[in-house]
Amino acid sequence: MKRFLTFIMAVSAIVAFSSCEKDNGNGTTSADAPVIEWPGNEDFAAMDITADMSAKLVVKAPAGIKTFVVNVDSDVLEGILKKNELDLINDAAVIAMLELASKGALPTGDDLAGKTEVNFDLGALLQMITQLPAVTDGSLHIFTVKLTDNNDVAVTSKPCTFKAVKPETAEE
């Protein structure tokens, strides 16, 4: 009987420790944590900026989005934006600028806050990069997306890297 109980306890311990849903310490599990997906580019490989590229991210946060920040690593864009961290929920100037630049196509502010799933398409803004005179062919532009959900579970930031392909060289 003693061996049987020891066996049952050992099996219970193994099952408890090998569960695929880990507790994050605040009552949420990894299954509840927010995720950022890039359909068609699941490994987030660098992508050329072309007319037919797909820069559509899908952001899922079962508890709702609390913060949504994009860090910009691009010499040209940082010069234009005058900052490299864009708070898309709380920074009114950033929200106004992105709404104007994307013609309302890029979600910001209330279109992000509290949402459980958002389509985040960088495509229209990326097409404008190649039109900037200071952008050189082959230059890299990295947008690192980071969000926190309403349970304060931070996503490991996801860098989205794009390489400028100037229109005059795109046809060669």
# chains A, B, ... in the order shown; residues from 1 in each chain; ligands from 1
>>> residues_around(residues="A:Ala96", least_positions_apart="3", cutoff="12 Å", atoms="only C-alpha atoms", output="ChimeraX atom specification")
/A:86-93,99-104,106-109
>>> select_by_dssp(residues="stretch 31-169 of chain A", states="helix (DSSP H, G or I)", output="PyMOL selection string")
chain A and resi 75-81+92-102+109-111+123-129+167-169
>>> closest_residue(among="A:Val76, A:Leu98, A:Leu147, A:Leu112", to="A:Gln131", atoms="only C-alpha atoms")
A:Val76
>>> closest_residue(among="A:Thr148, A:Ala105, A:Asp137, A:Asp52", to="A:Lys163", atoms="only C-alpha atoms")
A:Asp137
>>> closest_atom_pairs(of="stretch 68-134 of chain A", to="stretch 37-46 of chain A", cutoff="10 Å", atoms="only C-alpha atoms", output="CSV")
residue,atom,partner,partner_atom,distance
A:Asn119,CA,A:Glu37,CA,9.7
A:Phe120,CA,A:Trp38,CA,9.6
A:Asp121,CA,A:Trp38,CA,9.9
>>> write_last_selection(atoms="all heavy atoms", output="compact mmCIF listing (two decimals), in the first residue's frame")
# COMPACT_ATOMS: atom_id res chain seq x y z
N ASN A 119 -5.92 43.85 -35.29
CA ASN A 119 -5.09 43.74 -36.49
C ASN A 119 -4.29 45.02 -36.60
O ASN A 119 -4.85 46.12 -36.56
CB ASN A 119 -5.96 43.55 -37.74
CG ASN A 119 -6.65 42.21 -37.72
OD1 ASN A 119 -6.05 41.20 -37.38
ND2 ASN A 119 -7.92 42.20 -38.08
N PHE A 120 -2.98 44.87 -36.71
CA PHE A 120 -2.08 46.01 -36.69
C PHE A 120 -1.25 45.95 -37.97
O PHE A 120 -0.29 45.21 -38.08
CB PHE A 120 -1.19 45.94 -35.44
CG PHE A 120 -0.43 47.19 -35.15
CD1 PHE A 120 -1.07 48.29 -34.60
CD2 PHE A 120 0.93 47.26 -35.40
CE1 PHE A 120 -0.36 49.44 -34.32
CE2 PHE A 120 1.64 48.41 -35.13
CZ PHE A 120 1.00 49.51 -34.58
N ASP A 121 -1.64 46.75 -38.98
CA ASP A 121 -1.03 46.69 -40.31
C ASP A 121 -0.11 47.89 -40.53
O ASP A 121 -0.57 49.02 -40.64
CB ASP A 121 -2.12 46.66 -41.38
CG ASP A 121 -1.58 46.42 -42.77
OD1 ASP A 121 -0.35 46.30 -42.94
OD2 ASP A 121 -2.41 46.35 -43.70
>>> atom_distance(atom1="atom CA of A:Gly114", atom2="atom CA of A:Leu81")
26.2 Å
>>> select_by_dssp(residues="stretch 9-172 of chain A", states="strand (DSSP E)", output="ChimeraX atom specification")
/A:35-37,47-48,56-60,65-73,85-87,117-121,140-149,158-163
>>> closest_residue(among="A:Thr144, A:Asn84, A:Thr130, A:Asn71", to="A:Leu57", atoms="only C-alpha atoms")
A:Thr144
>>> residues_around(residues="A:Asn150", least_positions_apart="2", cutoff="8 Å", atoms="only C-alpha atoms", output="list in words")
Ala63, Gly64, Ile65, Lys66, Gly114, Thr148, Asp152 and Val153 of chain A
>>> write_last_selection(atoms="C-alpha atoms", output="PDB file, in the first residue's frame")
ATOM      1  CA  ALA A  63      -7.306  40.081 -20.645  1.00  0.00           C
ATOM      2  CA  GLY A  64      -7.345  43.177 -22.882  1.00  0.00           C
ATOM      3  CA  ILE A  65      -4.526  45.503 -23.939  1.00  0.00           C
ATOM      4  CA  LYS A  66      -3.271  47.919 -21.266  1.00  0.00           C
ATOM      5  CA  GLY A 114      -8.883  47.151 -23.632  1.00  0.00           C
ATOM      6  CA  THR A 148       1.125  44.686 -21.550  1.00  0.00           C
ATOM      7  CA  ASP A 152       0.214  43.257 -16.332  1.00  0.00           C
ATOM      8  CA  VAL A 153       1.628  40.269 -18.212  1.00  0.00           C
TER       9      VAL A 153
END
>>> closest_residue(among="A:Leu140, A:Glu85, A:Leu122, A:Leu132", to="A:Ser54", atoms="only C-alpha atoms")
A:Leu122
